[in-house]
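Text of the file my_file_36.txt, holding compact mmCIF, C-alpha atoms:
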```txt
# COMPACT_ATOMS: atom_id res chain seq x y z
CA MET A 764 0.00 0.00 0.00
CA VAL A 765 1.36 3.40 -1.00
CA GLY A 766 2.26 5.70 1.89
CA LYS A 767 2.62 3.00 4.53
CA THR A 768 5.93 1.81 6.05
CA TYR A 769 6.63 -1.92 6.34
CA ASP A 770 9.26 -3.94 8.18
CA LEU A 771 11.52 -6.20 6.08
CA LYS A 772 11.53 -8.99 8.69
CA THR A 773 7.72 -8.96 9.08
CA ALA A 774 7.44 -9.24 5.29
CA GLY A 775 9.78 -12.23 5.27
CA LEU A 776 12.60 -10.31 3.60
CA GLY A 777 16.27 -9.90 4.45
CA ALA A 778 16.87 -13.22 6.27
CA ASP A 779 19.65 -15.57 5.15
CA VAL A 780 20.94 -13.27 2.42
CA ALA A 781 23.50 -14.92 0.13
CA ILE A 782 26.39 -12.51 0.68
CA ALA A 783 29.95 -13.75 0.20
CA TRP A 784 33.16 -11.73 0.04
CA ASN A 785 35.45 -13.41 -2.47
CA ASP A 786 38.36 -10.96 -2.62
CA LEU A 787 40.84 -12.45 -0.18
CA GLU A 788 42.92 -9.28 -0.26
CA THR A 789 40.22 -7.44 1.68
CA THR A 790 39.46 -7.88 5.37
CA PRO A 791 35.90 -9.20 4.82
CA GLY A 792 37.17 -11.58 2.13
CA PHE A 793 39.97 -12.97 4.28
CA ILE A 794 38.09 -13.07 7.60
CA ALA A 795 34.44 -13.79 6.64
CA GLY A 796 34.67 -15.03 3.04
CA GLY A 797 31.86 -17.31 1.97
CA ARG A 798 28.90 -18.77 3.79
CA SER A 799 30.05 -22.06 5.17
CA GLY A 800 29.78 -22.28 8.93
CA VAL A 801 31.89 -23.59 11.75
CA GLU A 802 32.14 -26.75 13.79
CA LEU A 803 32.43 -25.81 17.44
CA ALA A 804 34.55 -27.70 19.99
CA ASP A 805 31.48 -29.65 21.15
CA ARG A 806 30.97 -30.82 17.52
CA THR A 807 27.85 -28.74 16.92
CA PHE A 808 27.69 -26.96 13.59
CA LEU A 809 26.82 -23.26 13.48
CA PRO A 810 26.03 -21.89 10.00
CA ASP A 811 27.23 -18.45 8.95
CA ARG A 812 24.45 -15.85 8.76
CA ARG A 813 23.91 -12.60 6.86
CA THR A 814 20.71 -10.67 7.62
CA ILE A 815 19.46 -7.27 6.47
CA THR A 816 16.88 -5.48 8.61
CA GLY A 817 15.10 -2.21 8.00
CA LYS A 818 11.94 -0.65 6.63
CA TYR A 819 10.46 -0.07 3.21
CA SER A 820 7.65 2.03 1.76
CA LEU A 821 6.14 3.01 -1.57
CA ALA A 822 5.67 6.65 -2.51
CA LYS A 823 3.53 7.83 -5.43
CA THR A 824 4.47 11.11 -7.09
CA GLY A 825 3.16 12.93 -10.12
CA THR A 826 4.99 15.25 -12.48
CA ARG A 827 3.55 16.72 -15.69
CA GLY A 828 0.71 14.23 -15.73
CA LYS A 829 2.95 11.21 -15.25
CA THR A 830 2.79 9.11 -12.13
CA ARG A 831 5.90 7.53 -10.62
CA VAL A 832 6.06 4.93 -7.88
CA ILE A 833 9.24 4.95 -5.79
CA LEU A 834 10.32 2.12 -3.49
CA LYS A 835 12.19 3.55 -0.51
CA VAL A 836 14.24 1.20 1.66
CA HIS A 837 15.62 2.85 4.77
CA GLY A 838 17.04 2.27 8.23
CA LEU A 839 18.94 -0.70 6.85
CA LYS A 840 21.40 -2.71 8.93
CA LEU A 841 23.54 -5.65 7.87
CA ASN A 842 24.19 -8.26 10.55
CA VAL A 843 26.91 -10.85 9.91
CA ARG A 844 27.60 -13.88 12.09
CA ASP A 845 30.67 -15.75 10.98
CA SER A 846 33.90 -17.10 12.35
CA VAL A 847 37.56 -16.54 11.73
CA ASP A 848 38.26 -20.02 10.43
CA PHE A 849 40.17 -21.47 7.53
CA CYS A 850 38.70 -24.99 7.20
CA PRO A 851 36.82 -25.19 4.98
CA GLY A 852 37.87 -22.11 3.15
CA ASN A 853 39.23 -20.51 0.03
CA LEU A 854 42.99 -20.52 0.54
CA GLY A 855 43.61 -17.94 -2.19
CA SER A 856 46.91 -17.62 -4.00
CA GLY A 857 50.37 -16.10 -3.59
CA MET A 858 51.28 -14.73 -0.19
CA ILE A 859 47.64 -14.94 1.00
CA ARG A 860 47.72 -18.69 0.35
CA ASP A 861 50.87 -19.07 2.46
CA VAL A 862 49.20 -17.35 5.39
CA SER A 863 45.80 -19.06 5.13
CA LEU A 864 47.34 -22.50 4.56
CA GLY A 865 49.45 -22.13 7.70
CA LEU A 866 46.43 -21.00 9.72
CA SER A 867 44.27 -23.83 8.37
CA ARG A 868 46.90 -26.36 9.45
CA LEU A 869 46.94 -24.92 12.96
CA GLU A 870 43.16 -25.13 13.03
CA ARG A 871 43.14 -28.84 12.18
CA THR A 872 46.35 -30.05 13.86
CA PRO A 873 45.58 -31.75 17.16
CA TYR A 874 47.78 -31.36 20.20
CA ARG A 875 47.75 -33.20 23.49
CA ASP A 876 48.12 -31.48 26.82
CA ALA A 877 47.79 -33.98 29.65
CA GLU A 878 46.27 -31.37 31.97
CA GLN A 879 43.61 -30.06 29.56
CA CYS A 880 43.00 -32.88 27.07
CA ASP A 881 42.14 -36.51 27.44
CA ALA A 882 41.66 -39.23 24.82
CA SER A 883 38.11 -38.12 23.98
CA ALA A 884 38.76 -34.36 23.77
CA LYS A 885 39.30 -32.55 20.47
CA CYS A 886 42.20 -30.20 21.13
CA PHE A 887 43.73 -28.15 18.32
CA TYR A 888 46.41 -25.49 18.19
CA ALA A 889 43.93 -22.90 16.95
CA ARG A 890 40.15 -22.78 17.25
CA PRO A 891 37.74 -20.82 15.08
CA ALA A 892 36.78 -17.50 16.65
CA LEU A 893 33.08 -16.62 16.34
CA PHE A 894 32.16 -13.00 15.70
CA GLU A 895 29.02 -11.01 15.03
CA VAL A 896 28.96 -7.50 13.62
CA THR A 897 26.14 -5.12 12.69
CA THR A 898 26.71 -2.15 10.41
CA PRO A 899 24.35 0.47 8.95
CA LEU A 900 23.71 0.54 5.19
CA ASP A 901 22.79 3.48 2.99
CA ASP A 902 19.13 4.18 2.27
CA VAL A 903 17.98 3.24 -1.25
CA SER A 904 15.26 4.65 -3.52
CA VAL A 905 14.27 2.85 -6.73
CA ASN A 906 11.76 3.82 -9.40
CA VAL A 907 9.42 0.79 -9.60
CA THR A 908 6.72 2.37 -11.76
CA ARG A 909 7.07 -0.32 -14.43
CA ALA A 910 6.11 -2.99 -11.88
CA PHE A 911 2.62 -1.49 -11.75
CA SER A 912 0.08 -1.80 -14.55
CA GLU A 913 -1.93 0.96 -16.20
CA LYS A 914 -4.98 -0.45 -14.38
CA ALA A 915 -3.37 0.38 -11.04
CA GLY A 916 -3.52 4.07 -11.97
CA THR A 917 0.06 4.66 -13.02
CA SER A 918 1.54 5.60 -16.34
CA SER A 919 5.13 5.82 -17.44
```
Go through the file and emit its structure as structure tokens.
Amino acid sequence: MVGKTYDLKTAGLGADVAIAWNDLETTPGFIAGGRSGVELADRTFLPDRRTITGKYSLAKTGTRGKTRVILKVHGLKLNVRDSVDFCPGNLGSGMIRDVSLGLSRLERTPYRDAEQCDASAKCFYARPALFEVTTPLDDVSVNVTRAFSEKAGTSS
């Protein structure tokens, strides 16, 4: 409905967004990367998550006898839950590969410490580090007039 504000989550939008950062030479690419997930020490699996929250509304404007419908998306926030982990992962190439390969080996190489580990414990030199971050996104306005028919009272 034109003129009313809606919530993305209530409308079933913005959950489990397929965002992956593939450029390993950037911080998000190296730290978050794709959408795999992580196996925790207790062997439970926690999937990575990318969610966008915010509001949207439709505005109808008229200029010189022509009606336009604008979709406004505002108050947007991107929430990312991921882990600094390298298994599984995109190891990259060149110097990045050397670093990520070394870190992935530490992540999967078991060690034994008689005081902290017993035969049933999974102890590794490095464990994945979970993180969650929320960041604001820019507001967006898009002309969606073409999505409406002439019968709906719009013309292009």
Which residue out of A:Val765, A:Val843, A:Val801, A:Val836 has the minimum interatomic distance to A:Asp779 when only C-alpha atoms are used?
A:Val843
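With atom CA of A:Leu771 on one side and atom CA of A:Arg813 on the other, the separation reads 14.0 Å.
Atom CA of A:Gly817 to atom CA of A:Asn906 spans 18.7 Å [interatomic distance, one decimal].
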In Å to one decimal, how far is atom CA of A:Lys772 from atom CA of A:Thr824?
26.5 Å
Who sits within 9 Å of A:Gly838, all atoms listed in the file, same chain under 2 positions skipped, as a count of residues only
10
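The closest residue to A:Ala892, picked from A:Glu802, A:Val832, A:Gly865, A:Arg827 and counting all atoms listed in the file, is A:Glu802.
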A:Arg844, A:Leu803, A:Leu834, A:Ala910 ranked by distance to A:Pro891, top pick (using only C-alpha atoms)
A:Leu803
Mind listing whatever residues come within 6 Å of the point (20.7, -10.7, 10.1)? Use all atoms listed in the file, file coordinates, and give them as a PyMOL selection string.
chain A and resi 778+813-815+842
For the residues in the current selection, export C-alpha atoms as a JSON list (two decimals), in the frame of the given file.
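Below you can see result20.json, which holds the result:
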```
[["chain", "number", "residue", "atom", "x", "y", "z"],
["A", 778, "ALA", "CA", 16.87, -13.22, 6.27],
["A", 813, "ARG", "CA", 23.91, -12.60, 6.86],
["A", 814, "THR", "CA", 20.71, -10.67, 7.62],
["A", 815, "ILE", "CA", 19.46, -7.27, 6.47],
["A", 842, "ASN", "CA", 24.19, -8.26, 10.55]]
```
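Counting all atoms listed in the file, the residue from A:Met764, A:Gly797, A:Gly825, A:Met858 that sits nearest to A:Val780 is A:Gly797.
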Each side padded by 3 Å, which centre and which edge lengths in Å (one decimal) define the axis-aligned box around the listed atoms of stretch 778-786 of chain A? Give them as AutoDock Vina command-line options.
```
--center_x 27.6 --center_y -13.3 --center_z 1.8 --size_x 27.5 --size_y 10.6 --size_z 14.9
```
Taking all atoms listed in the file into account, which of A:Thr773, A:Ser904, A:Ser820, A:Ser846 comes nearest A:Pro791?
A:Ser846
Which residue is closest to A:Val903? Choose from A:Ile833, A:Ser863, A:Trp784, A:Asp845 and count all atoms listed in the file.
A:Ile833
